[in-house]
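For reference, the structure is listed below as structure tokens.
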Amino acid sequence: MSELEKDTLLQGDDDKVVEAIAADEKPAETQAPKPANAPVQEGEPNDFIVYTYKLTKDYGKMLALKGVSLNLTRGKIVGLLGPNGSGKTTLIKILSGLLTKTDGGVLVDGKEIGIETKAVISYLPERPYFSSWMRVEDCIKYFEDFYEDFSRETAEKMLLDLDIDKSKKLRTLSKGTKEKVQLVLVMSRKAKLYLLDEPIAGVDPAARDYILDTIISSYNKEATIVISTHLISDIEGVLDEYVFIKNGEIVEHGNAKEYVENNGQSLDEHFREVFKYVR
Amino acid sequence: MFAKLLKYDMKATKRIGIPMLIGVLAVIVLSVINSLFGAFISDVTYLELEELPKLFQESEGALLALTVACLLGTLASYLLNVICTALLSASVIAIIVINLVNFYKSLITDEGYLAFTLPVSQSEILSSKIINAIIWDLSFGALYLVGFLASQAPTFIRSTYVNMEYMQLLDPDFTFWDSLTMQFGLEGVNGFNILAVLLLFVAFYIAITIALQIFMFFTVFLGGVVAKKRKFLASIGFTAAGYGTYYIVELIIVGIILAVCIVFLFVADAEVITGLVAANLLLLSVNVILLISIIVLVGLSVLFYFLTKWLMTKKLNLP
């Protein structure tokens, strides 16, 4: 099957796409060689919660993603790590249905990006997205109305823990508190895939531990969490896998705990090494 | 899901929409009171000296004071009328800007992250916002219409009544209804034409409201694509330019149709073309103009709806 036929198919019916990709050769190794501790990536596209195949995104002349092939298994916490402008947010936005891809294939839970995948993805953007006129209670009601997998009980408990008053208007809250509200709502869903773009960047260090504990304890254990952040030292303890992305390419995808055990080096140190700027 | 989207769009816009509706209603009530006041001043101004109370007949000073009061009253009524008209015109522009702000904020700014990650289709998001804006526009439109009729009614009823009294001197059977149709110049005119004009006008208003909202959606995204900075101002500019162009083109086409109609009346046999036929012909041409306008507006609405979707997908990368 030619690349053109495959790409044309990728615009259409989900099942055909899955069959076409599965029947064809396994994704080509277009990126840097994987380390010895790389997670096992074999399987059908349907087996993965995220399956991208030579995923490309350009903004005019700027190439944001260069043929990314990345497969993520279910029930993992994955760190999507890379410097500014490396393509992390673009990848997350394509997965969450906020951006269209330019080329290649992308499946979430075995389906092309669309209404069905949006229903199983819980996405946290890096900026507040609720209207300022809304009260926290309005935001809870909003999620309750649109997401069948949302649990009001979980959200209310977490808000209570974080000492956030439901009756308050968002415009009266600080930026960090707004981000906490969003994170609480996003994590109160029983989604299959959580996409968290910089979830702890805007909150104080004291709240970070609570948030990370919340992420670990409250998420659906069958689900996968993708966390994009610069604050690697804060999150590396909770990661099962890490993905290093640089200039729109995956440069490393490995098992986080095994890496630390085998190399005696933290992920933060490894990240600094890989992304070191040379004078 | 569509109903839920509409519910939240209504919720977001009612915070400004309802106070504005109340404001417009207040201006309309003021306008009606002013109209009654104007009619009263006019009545007093046209009274004969003998009809005035004795005080004014006997004292020149009192008569002068009354004259000055009438002049000042007329001036005040005129100024208030200008102010009310300006406020109502400003409210029309405000409604357009508010709708543009709502479209822009909820789709182009960070709030768009929320809208476009919901498990709903792009068409549902667009339709919900357009229908919400149309509901507000039609509510304001109905209020303006009621306000216009209410403010014009006192003067119009009075002049119809005066006309009836005058005509009854010639024909004692002349009724208020006869006077009313005479005022409109509709005596003996084909009733179908009158009804069609009214219905088509309502349909035209709805069509132009829908077309404008869809066009505004288009300009919001066009502003997002074309302008590098001040995208919202660009959107306002595109809306004004697009609507202005439509208005000028419509004016030219209406002018041509009416000119053709008038030329036809002039060149036709004067004995055949009576006033009644001319009136019917003019009403018919108005009907044709309205019908063509509605068809054009429906076509433009469809065109801009799909152009908007194309811009969203192809230029703004929104799925």
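Naming scheme: A, B, ... for chains in displayed order of the structure tokens; residues 1 onward per chain; ligands 1 onward as shown.
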
Kindly provide the residues of segment 66-123 of chain B that approach segment 309-313 of chain B to within 12 Å, each paired with its closest atom pair and their distance in Å to one decimal, based on only C-alpha atoms, listed by chain and increasing number, as a Markdown table.
```
| residue | atom | partner | partner_atom | distance |
| --- | --- | --- | --- | --- |
| B:Leu107 | CA | B:Met312 | CA | 10.2 |
| B:Ile108 | CA | B:Met312 | CA | 10.3 |
| B:Phe116 | CA | B:Met312 | CA | 11.2 |
| B:Ser121 | CA | B:Lys309 | CA | 11.5 |
| B:Gln122 | CA | B:Lys309 | CA | 8.1 |
| B:Ser123 | CA | B:Lys309 | CA | 8.2 |
```

- Message: Which residues are close to Leu162 of chain A, i.e. within 10 Å by only C-alpha atoms, leaving aside same-chain residues fewer than 4 positions away? Reply as a ChimeraX atom specification.
- Response: /A:156-158,177,180-181,184,207,210-211

- Message: Please check the contacts: residues of chain A at most 8 Å away from chain B, using only C-alpha atoms, listed as a list in words.
- Response: Ser96, Gly97, Leu98, Leu99, Thr100, Lys101, Gly114, Ile115, Glu116, Thr117, Lys118, Ala119, Tyr123, Pro125, Arg127, Pro128, Tyr129, Phe130, Ser131, Trp133, Asp145, Phe146 and Tyr147 of chain A

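For segment 142-274 of chain A, backbone-based DSSP labels the following residues as strand (DSSP E): A:Leu193, A:Tyr194, A:Leu195, A:Leu196, A:Asp197, A:Thr224, A:Ile225, A:Val226, A:Ile227, A:Ser228, A:Thr229, A:Glu241, A:Tyr242, A:Val243, A:Phe244, A:Ile245, A:Lys246, A:Glu249, A:Ile250, A:Val251, A:Glu252, A:His253, A:Gly254, A:Asn255.
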
- Task: Mind checking which residues fall within 6 Å of segment 105-112 of chain A, counting only C-alpha atoms, ignoring those fewer than 3 positions away in the same chain, and posting them as a PyMOL selection string?
- Result: chain A and resi 14+46+49-53+55

- Message: Need the shell around segment 247-249 of chain A: protein/DNA/RNA residues with any atom at most 8 Å away, counting only C-alpha atoms. Skip same-chain ones fewer than 4 positions apart. Format as a list in words?
- Response: Gln31, Leu63, Ala64, Leu65, Lys66, Gly67, Val68, Gly85, Ser86, Gly87 and Lys88 of chain A
